[in-house]
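Reproduced below: upload-v2.pdb, with PDB, C-alpha atoms and all ligand atoms.
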```pdb
ATOM      1  CA  MET G  11      10.844 -44.945  20.859
ATOM      2  CA  ARG G  12      14.393 -44.445  19.614
ATOM      3  CA  ASP G  13      16.321 -41.457  20.824
ATOM      4  CA  PRO G  14      19.836 -41.747  19.417
ATOM      5  CA  GLN G  15      22.751 -39.334  19.696
ATOM      6  CA  ASP G  16      24.702 -38.654  16.532
ATOM      7  CA  ARG G  17      28.461 -39.188  16.351
ATOM      8  CA  HIS G  18      29.069 -35.571  17.454
ATOM      9  CA  GLY G  19      26.990 -36.074  20.593
ATOM     10  CA  LEU G  20      24.162 -33.854  19.321
ATOM     11  CA  ARG G  21      20.609 -34.964  19.937
ATOM     12  CA  GLN G  22      18.997 -36.113  16.720
ATOM     13  CA  GLU G  23      15.399 -36.369  15.616
ATOM     14  CA  ARG G  24      13.422 -38.891  17.695
ATOM     15  CA  TYR G  25      11.552 -41.721  15.983
ATOM     16  CA  PHE G  26       8.843 -44.217  16.845
ATOM     17  CA  ALA G  27       8.523 -47.697  15.389
ATOM     18  CA  ILE G  28       5.552 -48.945  13.376
ATOM     19  CA  SER G  29       4.847 -52.172  11.536
ATOM     20  CA  PRO G  30       5.328 -52.030   7.737
ATOM     21  CA  LEU G  31       1.748 -53.359   7.587
ATOM     22  CA  MET G  32       0.566 -49.904   8.584
ATOM     23  CA  LEU G  33       1.830 -48.517   5.253
ATOM     24  CA  PHE G  34      -1.117 -49.036   2.947
ATOM     25  CA  PRO G  35      -0.255 -49.738  -0.706
ATOM     26  CA  GLY G  36      -1.540 -47.002  -2.990
ATOM     27  CA  ARG G  37      -1.950 -44.504  -0.132
ATOM     28  CA  ALA G  38       0.470 -41.662   0.519
ATOM     29  CA  GLY G  39       0.965 -40.243   3.996
ATOM     30  CA  ASP G  40       2.258 -36.855   5.047
ATOM     31  CA  PHE G  41       5.180 -38.339   6.973
ATOM     32  CA  ASP G  42       8.642 -39.750   6.199
ATOM     33  CA  VAL G  43       9.454 -43.427   6.684
ATOM     34  CA  PHE G  44      12.921 -44.535   7.762
ATOM     35  CA  LEU G  45      14.725 -47.830   8.112
ATOM     36  CA  LEU G  46      17.284 -48.519  10.823
ATOM     37  CA  ARG G  47      20.536 -49.680   9.245
ATOM     38  CA  GLY G  48      23.609 -50.235  11.441
ATOM     39  CA  GLY G  49      22.297 -47.806  14.071
ATOM     40  CA  GLU G  50      21.561 -45.057  11.503
ATOM     41  CA  PHE G  51      18.152 -43.975  10.277
ATOM     42  CA  VAL G  52      17.970 -44.185   6.489
ATOM     43  CA  LEU G  53      15.137 -42.534   4.552
ATOM     44  CA  HIS G  54      12.934 -45.172   2.915
ATOM     45  CA  ALA G  55       9.975 -43.129   1.653
ATOM     46  CA  ARG G  56       9.453 -39.384   1.674
ATOM     47  CA  ALA G  57       6.307 -37.657   2.944
ATOM     48  CA  CYS G  58       3.546 -37.775   0.312
ATOM     49  CA  GLU G  59       5.332 -40.513  -1.637
ATOM     50  CA  ARG G  60       2.810 -43.196  -2.496
ATOM     51  CA  PHE G  61       3.571 -46.490  -0.777
ATOM     52  CA  THR G  62       3.425 -49.338  -3.230
ATOM     53  CA  GLN G  63       3.122 -53.084  -3.050
ATOM     54  CA  SER G  64       6.767 -53.262  -4.147
ATOM     55  CA  HIS G  65       7.788 -51.164  -1.107
ATOM     56  CA  ARG G  66       6.050 -53.704   1.060
ATOM     57  CA  THR G  67       7.444 -56.718  -0.800
ATOM     58  CA  MET G  68      10.964 -55.318  -0.524
ATOM     59  CA  LEU G  69      10.576 -54.830   3.232
ATOM     60  CA  SER G  70       9.158 -58.297   3.732
ATOM     61  CA  GLU G  71      11.864 -59.950   1.589
ATOM     62  CA  ASN G  72      14.512 -58.224   3.688
ATOM     63  CA  GLY G  73      12.909 -59.384   6.922
ATOM     64  CA  VAL G  74      12.074 -55.817   8.040
ATOM     65  CA  THR G  75       9.525 -55.954  10.857
ATOM     66  CA  GLU G  76       9.764 -52.321  11.979
ATOM     67  CA  VAL G  77      10.043 -49.016  10.160
ATOM     68  CA  TYR G  78      10.368 -45.607  11.814
ATOM     69  CA  VAL G  79       8.515 -42.307  11.673
ATOM     70  CA  PRO G  80       9.910 -39.046  13.125
ATOM     71  CA  CYS G  81       8.066 -38.165  16.346
ATOM     72  CA  HIS G  82       7.186 -34.669  15.144
ATOM     73  CA  GLN G  83       5.218 -36.289  12.303
ATOM     74  CA  GLU G  84       3.134 -38.508  14.599
ATOM     75  CA  PRO G  85      -0.085 -36.426  14.158
ATOM     76  CA  ALA G  86       0.188 -36.883  10.368
ATOM     77  CA  TYR G  87       0.778 -40.620  10.802
ATOM     78  CA  ARG G  88      -2.286 -40.944  13.096
ATOM     79  CA  ALA G  89      -4.457 -39.043  10.600
ATOM     80  CA  TYR G  90      -3.214 -41.367   7.830
ATOM     81  CA  VAL G  91      -4.113 -44.519   9.793
ATOM     82  CA  GLU G  92      -7.482 -43.077  10.799
ATOM     83  CA  HIS G  93      -8.249 -42.286   7.170
ATOM     84  CA  ASN G  94      -7.086 -45.550   5.597
ATOM     85  CA  LEU G  95      -7.396 -48.413   8.067
ATOM     86  CA  GLY G  96     -11.177 -48.760   7.981
ATOM     87  CA  ARG G  97     -11.490 -49.000   4.220
ATOM     88  CA  THR G  98      -8.628 -51.532   4.078
ATOM     89  CA  LEU G  99     -10.338 -53.737   6.652
ATOM     90  CA  LEU G 100     -13.524 -53.822   4.614
ATOM     91  CA  ARG G 101     -11.745 -55.090   1.505
ATOM     92  CA  GLU G 102     -12.991 -58.635   1.138
ATOM     93  CA  ASP G 103     -10.233 -59.413  -1.392
ATOM     94  CA  ALA G 104      -7.482 -58.857   1.210
ATOM     95  CA  PRO G 105      -6.624 -62.026   3.186
ATOM     96  CA  LEU G 106      -8.482 -62.173   6.506
ATOM     97  CA  GLU G 107      -5.262 -62.992   8.318
ATOM     98  CA  GLU G 108      -3.625 -59.831   7.033
ATOM     99  CA  ARG G 109      -6.600 -57.682   8.000
ATOM    100  CA  ALA G 110      -6.630 -59.222  11.480
ATOM    101  CA  ARG G 111      -2.926 -58.425  11.843
ATOM    102  CA  LEU G 112      -3.656 -54.842  10.832
ATOM    103  CA  VAL G 113      -6.187 -54.438  13.646
ATOM    104  CA  HIS G 114      -3.724 -56.033  16.007
ATOM    105  CA  GLU G 115      -0.861 -53.747  14.968
ATOM    106  CA  CYS G 116      -3.108 -50.732  15.202
ATOM    107  CA  ALA G 117      -4.267 -51.599  18.742
ATOM    108  CA  VAL G 118      -0.675 -52.233  19.840
ATOM    109  CA  ASP G 119       0.261 -48.900  18.305
ATOM    110  CA  ILE G 120      -2.491 -47.090  20.232
ATOM    111  CA  VAL G 121      -1.389 -48.743  23.491
ATOM    112  CA  ARG G 122       2.225 -47.767  22.849
ATOM    113  CA  SER G 123       1.237 -44.197  22.154
ATOM    114  CA  ALA G 124      -0.936 -44.152  25.310
ATOM    115  CA  PHE G 125       2.031 -45.284  27.375
ATOM    116  CA  GLU G 126       4.174 -42.559  25.884
ATOM    117  CA  HIS G 127       1.722 -39.673  25.906
ATOM    118  CA  ARG G 128      -1.144 -40.406  28.293
ATOM    119  CA  LEU G 129       0.326 -42.228  31.264
ATOM    120  CA  PRO G 130       2.956 -41.101  33.762
ATOM    121  CA  GLU G 131       6.443 -42.343  33.004
ATOM    122  CA  THR G 132       6.664 -44.030  36.391
ATOM    123  CA  LEU G 133       3.569 -46.074  35.617
ATOM    124  CA  ALA G 134       4.871 -47.060  32.203
ATOM    125  CA  ARG G 135       7.998 -48.430  33.881
ATOM    126  CA  GLN G 136       6.155 -50.221  36.671
ATOM    127  CA  GLN G 137       3.540 -51.798  34.475
ATOM    128  CA  ASN G 138       6.202 -53.289  32.244
ATOM    129  CA  ILE G 139       5.018 -52.508  28.738
ATOM    130  CA  ALA G 140       6.045 -55.930  27.457
ATOM    131  CA  ARG G 141       3.690 -57.612  29.942
ATOM    132  CA  VAL G 142       0.807 -55.301  29.044
ATOM    133  CA  MET G 143       1.461 -55.929  25.343
ATOM    134  CA  GLU G 144       1.298 -59.653  25.938
ATOM    135  CA  PHE G 145      -2.098 -59.177  27.566
ATOM    136  CA  VAL G 146      -3.255 -56.980  24.674
ATOM    137  CA  ARG G 147      -2.145 -59.696  22.268
ATOM    138  CA  GLU G 148      -4.086 -62.316  24.194
ATOM    139  CA  ALA G 149      -7.292 -60.289  24.082
ATOM    140  CA  LEU G 150      -6.787 -59.503  20.405
ATOM    141  CA  ALA G 151      -6.084 -63.130  19.557
ATOM    142  CA  PHE G 152      -9.663 -63.783  20.631
ATOM    143  CA  LEU G 153     -11.085 -60.661  19.019
ATOM    144  CA  CYS G 154      -9.356 -61.212  15.697
ATOM    145  CA  ALA G 155     -10.591 -64.783  15.258
ATOM    146  CA  GLY G 156     -13.575 -65.673  13.025
ATOM    147  CA  GLN G 157     -16.870 -63.908  13.668
ATOM    148  CA  SER G 158     -15.381 -61.746  16.429
ATOM    149  CA  PHE G 159     -13.024 -60.172  13.916
ATOM    150  CA  GLN G 160     -15.863 -59.193  11.581
ATOM    151  CA  THR G 161     -17.503 -57.419  14.504
ATOM    152  CA  LEU G 162     -14.322 -55.626  15.539
ATOM    153  CA  ALA G 163     -13.524 -54.676  11.923
ATOM    154  CA  ARG G 164     -16.968 -53.068  11.658
ATOM    155  CA  LEU G 165     -16.154 -50.914  14.667
ATOM    156  CA  VAL G 166     -12.792 -49.800  13.249
ATOM    157  CA  SER G 167     -14.185 -49.015   9.843
ATOM    158  CA  HIS G 168     -17.330 -47.273  11.165
ATOM    159  CA  ASP G 169     -15.535 -44.883  13.477
ATOM    160  CA  TYR G 170     -11.793 -45.094  14.131
ATOM    161  CA  ARG G 171     -12.037 -42.693  17.079
ATOM    162  CA  THR G 172     -14.428 -45.020  18.888
ATOM    163  CA  PHE G 173     -12.037 -47.911  18.309
ATOM    164  CA  SER G 174      -9.119 -45.893  19.631
ATOM    165  CA  HIS G 175     -11.235 -44.922  22.670
ATOM    166  CA  CYS G 176     -12.076 -48.600  23.281
ATOM    167  CA  VAL G 177      -8.377 -49.518  23.291
ATOM    168  CA  HIS G 178      -7.664 -46.759  25.839
ATOM    169  CA  VAL G 179     -10.544 -47.957  28.017
ATOM    170  CA  PHE G 180      -9.123 -51.459  27.774
ATOM    171  CA  LEU G 181      -5.777 -50.194  29.030
ATOM    172  CA  TYR G 182      -7.110 -48.086  31.925
ATOM    173  CA  SER G 183      -9.734 -50.574  33.105
ATOM    174  CA  SER G 184      -7.225 -53.460  33.019
ATOM    175  CA  ALA G 185      -4.849 -51.412  35.175
ATOM    176  CA  ILE G 186      -7.673 -50.729  37.665
ATOM    177  CA  LEU G 187      -8.873 -54.334  37.790
ATOM    178  CA  GLN G 188      -5.386 -55.726  38.264
ATOM    179  CA  THR G 189      -5.289 -54.020  41.677
ATOM    180  CA  TYR G 190      -8.091 -56.381  42.793
ATOM    181  CA  GLU G 191      -5.969 -59.370  41.748
ATOM    182  CA  PRO G 192      -8.717 -61.222  39.853
ATOM    183  CA  ASP G 193      -7.958 -64.512  38.135
ATOM    184  CA  ARG G 194      -6.505 -64.197  34.652
ATOM    185  CA  GLN G 195      -9.670 -65.351  32.864
ATOM    186  CA  THR G 196     -11.783 -62.662  34.562
ATOM    187  CA  LEU G 197      -9.206 -60.041  33.643
ATOM    188  CA  LEU G 198      -9.210 -61.240  30.041
ATOM    189  CA  ASP G 199     -13.026 -61.352  29.831
ATOM    190  CA  ALA G 200     -13.195 -57.817  31.219
ATOM    191  CA  GLY G 201     -10.467 -56.706  28.775
ATOM    192  CA  ILE G 202     -12.453 -58.073  25.840
ATOM    193  CA  GLY G 203     -15.547 -56.356  27.253
ATOM    194  CA  ALA G 204     -13.668 -53.055  27.473
ATOM    195  CA  MET G 205     -12.467 -53.434  23.887
ATOM    196  CA  LEU G 206     -16.042 -54.064  22.717
ATOM    197  CA  HIS G 207     -17.911 -51.821  25.166
ATOM    198  CA  ASP G 208     -18.965 -49.271  22.512
ATOM    199  CA  ILE G 209     -19.428 -51.806  19.682
ATOM    200  CA  GLY G 210     -23.120 -50.804  19.497
ATOM    201  CA  LYS G 211     -22.025 -47.439  18.080
ATOM    202  CA  VAL G 212     -21.524 -49.104  14.685
ATOM    203  CA  LEU G 213     -25.322 -48.940  14.467
ATOM    204  CA  ILE G 214     -25.499 -45.239  15.375
ATOM    205  CA  PRO G 215     -25.505 -42.921  12.319
ATOM    206  CA  HIS G 216     -22.348 -40.857  11.756
ATOM    207  CA  ASP G 217     -24.220 -37.556  11.786
ATOM    208  CA  ILE G 218     -25.354 -38.200  15.366
ATOM    209  CA  LEU G 219     -22.102 -39.814  16.523
ATOM    210  CA  ASN G 220     -19.962 -36.937  15.255
ATOM    211  CA  LYS G 221     -22.358 -34.025  15.755
ATOM    212  CA  THR G 222     -20.465 -30.931  16.879
ATOM    213  CA  GLY G 223     -23.362 -29.137  18.600
ATOM    214  CA  ALA G 224     -25.563 -30.196  21.498
ATOM    215  CA  LEU G 225     -27.647 -33.314  20.902
ATOM    216  CA  THR G 226     -31.432 -33.021  20.790
ATOM    217  CA  LEU G 227     -33.452 -35.216  23.125
ATOM    218  CA  SER G 228     -34.280 -37.618  20.319
ATOM    219  CA  GLU G 229     -30.645 -37.802  19.184
ATOM    220  CA  ARG G 230     -29.617 -38.466  22.789
ATOM    221  CA  ALA G 231     -32.200 -41.252  22.906
ATOM    222  CA  VAL G 232     -30.629 -42.801  19.795
ATOM    223  CA  ILE G 233     -27.124 -42.640  21.335
ATOM    224  CA  ASN G 234     -28.430 -44.245  24.506
ATOM    225  CA  THR G 235     -29.446 -47.347  22.578
ATOM    226  CA  HIS G 236     -25.806 -48.304  21.907
ATOM    227  CA  PRO G 237     -25.263 -50.582  24.950
ATOM    228  CA  GLY G 238     -28.311 -52.689  24.061
ATOM    229  CA  LYS G 239     -27.448 -52.673  20.356
ATOM    230  CA  GLY G 240     -23.928 -53.770  21.273
ATOM    231  CA  VAL G 241     -25.141 -56.843  23.118
ATOM    232  CA  ASP G 242     -27.485 -57.703  20.240
ATOM    233  CA  LEU G 243     -24.632 -57.354  17.738
ATOM    234  CA  CYS G 244     -22.516 -59.773  19.752
ATOM    235  CA  ALA G 245     -25.299 -62.297  20.243
ATOM    236  CA  GLY G 246     -23.614 -64.926  18.066
ATOM    237  CA  LEU G 247     -20.157 -64.555  19.619
ATOM    238  CA  PRO G 248     -18.771 -66.827  22.326
ATOM    239  CA  LEU G 249     -18.620 -64.081  24.957
ATOM    240  CA  THR G 250     -18.778 -64.631  28.707
ATOM    241  CA  ARG G 251     -21.238 -62.984  31.097
ATOM    242  CA  THR G 252     -18.498 -60.605  32.297
ATOM    243  CA  THR G 253     -17.824 -59.436  28.739
ATOM    244  CA  ARG G 254     -21.517 -58.959  27.959
ATOM    245  CA  ASP G 255     -22.026 -57.048  31.213
ATOM    246  CA  CYS G 256     -19.253 -54.619  30.229
ATOM    247  CA  ILE G 257     -21.043 -53.913  26.941
ATOM    248  CA  LEU G 258     -24.567 -53.647  28.358
ATOM    249  CA  LEU G 259     -23.941 -51.929  31.689
ATOM    250  CA  HIS G 260     -21.038 -49.514  31.121
ATOM    251  CA  HIS G 261     -23.333 -46.444  31.296
ATOM    252  CA  GLU G 262     -25.156 -47.586  34.423
ATOM    253  CA  LYS G 263     -24.493 -45.597  37.609
ATOM    254  CA  LEU G 264     -24.379 -46.840  41.188
ATOM    255  CA  ASP G 265     -27.244 -44.481  42.203
ATOM    256  CA  GLY G 266     -29.511 -45.811  39.443
ATOM    257  CA  SER G 267     -29.263 -42.675  37.272
ATOM    258  CA  GLY G 268     -27.619 -44.452  34.322
ATOM    259  CA  TYR G 269     -28.928 -46.191  31.200
ATOM    260  CA  PRO G 270     -30.276 -48.362  29.634
ATOM    261  CA  GLY G 271     -31.715 -50.147  32.679
ATOM    262  CA  ALA G 272     -31.238 -47.621  35.537
ATOM    263  CA  VAL G 273     -29.861 -50.513  37.591
ATOM    264  CA  ARG G 274     -28.189 -49.824  40.935
ATOM    265  CA  ALA G 275     -24.911 -50.621  42.617
ATOM    266  CA  GLY G 276     -25.670 -54.225  43.597
ATOM    267  CA  ALA G 277     -26.333 -55.190  39.968
ATOM    268  CA  ILE G 278     -23.152 -53.605  38.593
ATOM    269  CA  PRO G 279     -20.150 -55.985  38.709
ATOM    270  CA  LEU G 280     -16.610 -54.898  39.511
ATOM    271  CA  ALA G 281     -15.399 -55.296  35.895
ATOM    272  CA  VAL G 282     -18.154 -52.984  34.660
ATOM    273  CA  ARG G 283     -17.373 -50.334  37.291
ATOM    274  CA  ALA G 284     -13.770 -50.305  36.077
ATOM    275  CA  VAL G 285     -14.858 -49.903  32.446
ATOM    276  CA  THR G 286     -17.201 -47.057  33.451
ATOM    277  CA  ILE G 287     -14.477 -45.103  35.270
ATOM    278  CA  ALA G 288     -12.020 -45.675  32.415
ATOM    279  CA  ASP G 289     -14.673 -44.704  29.857
ATOM    280  CA  ILE G 290     -15.528 -41.382  31.533
ATOM    281  CA  TYR G 291     -11.895 -40.480  32.140
ATOM    282  CA  ASP G 292     -10.799 -41.230  28.562
ATOM    283  CA  ALA G 293     -13.787 -39.492  26.973
ATOM    284  CA  MET G 294     -13.244 -36.283  28.937
ATOM    285  CA  THR G 295      -9.466 -36.173  28.445
ATOM    286  CA  THR G 296      -9.822 -36.614  24.661
ATOM    287  CA  ASN G 297     -10.957 -34.124  22.024
ATOM    288  CA  ARG G 298     -14.512 -34.917  20.984
ATOM    289  CA  PRO G 299     -16.635 -33.438  18.172
ATOM    290  CA  TYR G 300     -18.611 -31.389  20.713
ATOM    291  CA  SER G 301     -15.986 -30.561  23.357
ATOM    292  CA  ARG G 302     -12.266 -30.006  23.810
ATOM    293  CA  ALA G 303     -10.143 -32.370  25.860
ATOM    294  CA  MET G 304      -9.890 -31.395  29.519
ATOM    295  CA  HIS G 305      -6.788 -31.641  31.659
ATOM    296  CA  PRO G 306      -6.560 -34.957  33.596
ATOM    297  CA  PHE G 307      -6.589 -33.186  36.983
ATOM    298  CA  GLN G 308      -9.702 -31.262  36.032
ATOM    299  CA  VAL G 309     -11.437 -34.471  34.918
ATOM    300  CA  LEU G 310     -10.481 -36.322  38.094
ATOM    301  CA  ARG G 311     -11.810 -33.403  40.148
ATOM    302  CA  ILE G 312     -15.146 -33.443  38.280
ATOM    303  CA  MET G 313     -15.409 -37.211  38.732
ATOM    304  CA  ARG G 314     -14.781 -36.845  42.476
ATOM    305  CA  ASP G 315     -16.977 -33.799  43.121
ATOM    306  CA  GLU G 316     -19.833 -34.263  40.670
ATOM    307  CA  MET G 317     -20.072 -38.031  40.196
ATOM    308  CA  PHE G 318     -19.621 -39.046  43.817
ATOM    309  CA  ASP G 319     -22.923 -40.963  43.994
ATOM    310  CA  GLU G 320     -22.559 -42.469  40.546
ATOM    311  CA  LEU G 321     -19.121 -44.086  40.628
ATOM    312  CA  ASP G 322     -17.387 -46.587  42.859
ATOM    313  CA  ILE G 323     -15.351 -44.046  44.808
ATOM    314  CA  GLU G 324     -13.050 -46.631  46.372
ATOM    315  CA  MET G 325     -12.204 -47.782  42.848
ATOM    316  CA  TYR G 326     -11.863 -44.181  41.697
ATOM    317  CA  LYS G 327      -9.228 -43.650  44.398
ATOM    318  CA  ARG G 328      -7.301 -46.656  43.118
ATOM    319  CA  PHE G 329      -7.417 -45.160  39.634
ATOM    320  CA  VAL G 330      -6.077 -41.833  40.900
ATOM    321  CA  THR G 331      -3.281 -43.717  42.644
ATOM    322  CA  ILE G 332      -2.506 -45.587  39.423
ATOM    323  CA  LEU G 333      -2.411 -42.361  37.424
ATOM    324  CA  SER G 334      -0.217 -40.674  40.004
ATOM    325  CA  GLY G 335       2.338 -43.383  39.278
ATOM    326  CA  ALA G 336       2.397 -44.733  42.818
ATOM    327  CA  ARG G 337       3.018 -48.416  43.299
ATOM    328  CA  ILE G 338      -0.039 -50.515  44.072
ATOM    329  CA  VAL G 339       0.288 -53.966  45.554
TER     330      VAL G 339
HETATM  331 FE    FE I   1     -20.560 -46.090  25.627
END
```

Full structure transcribed into structure tokens:
Amino acid sequence: MRDPQDRHGLRQERYFAISPLMLFPGRAGDFDVFLLRGGEFVLHARACERFTQSHRTMLSENGVTEVYVPCHQEPAYRAYVEHNLGRTLLREDAPLEERARLVHECAVDIVRSAFEHRLPETLARQQNIARVMEFVREALAFLCAGQSFQTLARLVSHDYRTFSHCVHVFLYSSAILQTYEPDRQTLLDAGIGAMLHDIGKVLIPHDILNKTGALTLSERAVINTHPGKGVDLCAGLPLTRTTRDCILLHHEKLDGSGYPGAVRAGAIPLAVRAVTIADIYDAMTTNRPYSRAMHPFQVLRIMRDEMFDELDIEMYKRFVTILSGARIV
């Protein structure tokens, strides 16, 4: 995020960087787009101005890799991406490479925003964003290749909010797992699992997924099929056991009260436990169709007091320590 002072020492508007790829030709957004020229922000496209292919060509010919949006317009930018990304990914006429880069840029964008808005500043500094981004890139390099990309693109285009949730779960669960110092491959397999953990939701109808009222028993039963559907969807992909476990078991609970298999602690690997804790925390701290986001402290208290038998409490404590910004060796 850029936070410049003007030449009179007054604080100016703050901006965040995005890739020009996130400006979809033919689609107007309700936010201004600026270029950075000699340390000054120069207006490139006004809010509601339709971005065109010639905008994009001009940027690419001038070697522009970042454009800037004023921070106060971030909600409008997010709504624009949510509305347009899915349909762009499904366009078979657009080069696959470009669509894969779009997913990549979008995930990086979500991680950046999470660091700025959802994690304590101390943690953002300690974790070294560049290192986390490198890890995100590594996981996405796998996910954006061949068949895996088609699967991921289906998730983004079916329900952007689920995709955004998966990226957050990736971030939180990776931070938790790192404290156990696993080998890099395990961390990567778990990261890919976190990114795909709700992939089965592409087979759940929108009216159930986004229902604002309480779910009926039969609707709940449909939702509960998503871990199994997710594993089936990924059957043809070269995923490891760790990754598949994250998809299939992320709603299992240590006391056997989870679904789909009601398996108990001994059958739930460490990577899955991390995804489960991250999943619950992110879901409850985010606005959902049927409930408002809760404050992080409130969520952590509920997890501690009401899910004591269900979650790995030693791991939960590590997560609280991570979120409090304390250093973990
Ligand atoms: Fe899930």

| said: Using only C-alpha atoms and all ligand atoms, which residues have at least one atom no more than 9 Å from ligand FE 1 (chain I)? Output them as a ChimeraX atom specification. | reply: /G:207-211,233-234,236-237,257-258,260-261,286,289

| request: Taking the file above as input, evaluate the PyMOL selection byres (((chain G and resi 299-311) around 12) and not hetatm) and report the hits as a PyMOL selection string. | output: chain G and resi 128-130+171-172+216-225+287-298+312-318+321+323+326-331+333-334

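Among the candidate residues G:Ala163, G:Leu33, G:Ala284, G:Ala277, the one lying nearest to Glu76 of chain G is G:Leu33, with distances computed using only C-alpha atoms.
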
| remark: With distances taken over only C-alpha atoms, the candidate from G:Pro215, G:Pro30, G:Gly201, G:Pro85 nearest Met68 of chain G is G:Pro30

| request: Given the file shown, enumerate the residues that the PyMOL selection byres (((chain G and resi 254) around 10) and not hetatm) captures and present them as a list in words. | output: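 Checking the PyMOL selection byres (((chain G and resi 254) around 10) and not hetatm) against this file, the residues are Asp199, Ala200, Ile202, Gly203, Ala204, Leu206, His207, Pro237, Gly240, Val241, Asp242, Cys244, Ala245, Leu249, Thr250, Arg251, Thr252, Thr253, Asp255, Cys256, Ile257, Leu258, Leu259, His260 and Val282 of chain G.
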
| Applied to the shown file, which residues does the PyMOL selection byres (((chain G and resi 56) around 10) and not hetatm) return, written as a ChimeraX atom specification? | /G:38-44,53-55,57-61

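Proximity ranking of G:Phe152, G:Tyr78, G:Tyr170, G:Tyr190 relative to Ile120 of chain G places G:Tyr170 first, based on only C-alpha atoms.
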
Could you pull out every residue with an atom within 9 Å of (-24.7, -44.0, 39.7), file coordinates, counting all atoms listed in the file, and send them as a tab-separated table (two decimals) with C-alpha atoms, in the frame of the given file?
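Saved to out_0.tsv:
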```tsv
chain	number	residue	atom	x	y	z
G	261	HIS	CA	-23.33	-46.44	31.30
G	262	GLU	CA	-25.16	-47.59	34.42
G	263	LYS	CA	-24.49	-45.60	37.61
G	264	LEU	CA	-24.38	-46.84	41.19
G	265	ASP	CA	-27.24	-44.48	42.20
G	266	GLY	CA	-29.51	-45.81	39.44
G	267	SER	CA	-29.26	-42.68	37.27
G	268	GLY	CA	-27.62	-44.45	34.32
G	272	ALA	CA	-31.24	-47.62	35.54
G	273	VAL	CA	-29.86	-50.51	37.59
G	274	ARG	CA	-28.19	-49.82	40.94
G	275	ALA	CA	-24.91	-50.62	42.62
G	317	MET	CA	-20.07	-38.03	40.20
G	318	PHE	CA	-19.62	-39.05	43.82
G	319	ASP	CA	-22.92	-40.96	43.99
G	320	GLU	CA	-22.56	-42.47	40.55
G	321	LEU	CA	-19.12	-44.09	40.63
G	322	ASP	CA	-17.39	-46.59	42.86
```

Calculate, to one decimal in Å, the centre and edge lengths of the box along x, y and z of the file that holds all listed atoms of segment 275-286 of chain G with 3 Å of margin on each side, and present them as JSON.
```
{"center_x": -20.1, "center_y": -51.5, "center_z": 38.0, "size_x": 18.6, "size_y": 14.9, "size_z": 17.2}
```

| message | So that I can check the surroundings of Val212 of chain G, please list as a PyMOL selection string every protein, DNA and RNA residue that reaches within 7 Å of it, counting only C-alpha atoms and ignoring chain neighbours fewer than 5 positions away. | response | chain G and resi 164-165+168

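The shortest atom-to-atom distance to Glu23 of chain G, with all atoms listed in the file taken into account, belongs to G:Gln83 out of G:Thr62, G:Ser70, G:Thr98, G:Gln83.
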
List as a PDB file with C-alpha atoms, keeping the file's coordinate frame the protein and nucleic acid residues near Gln157 of chain G, meaning an atom at most 9 Å away when all atoms listed in the file are counted, but skip any in the same chain fewer than 4 places from it.
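Result saved to out01.pdb:
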```pdb
ATOM      1  CA  LEU G 153     -11.085 -60.661  19.019  1.00  0.00           C
ATOM      2  CA  THR G 161     -17.503 -57.419  14.504  1.00  0.00           C
ATOM      3  CA  LEU G 162     -14.322 -55.626  15.539  1.00  0.00           C
ATOM      4  CA  GLY G 246     -23.614 -64.926  18.066  1.00  0.00           C
ATOM      5  CA  LEU G 247     -20.157 -64.555  19.619  1.00  0.00           C
TER       6      LEU G 247
END
```

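Relative to atom CA of Ser29 of chain G, atom CA of Val74 of chain G is found at 8.8 Å.
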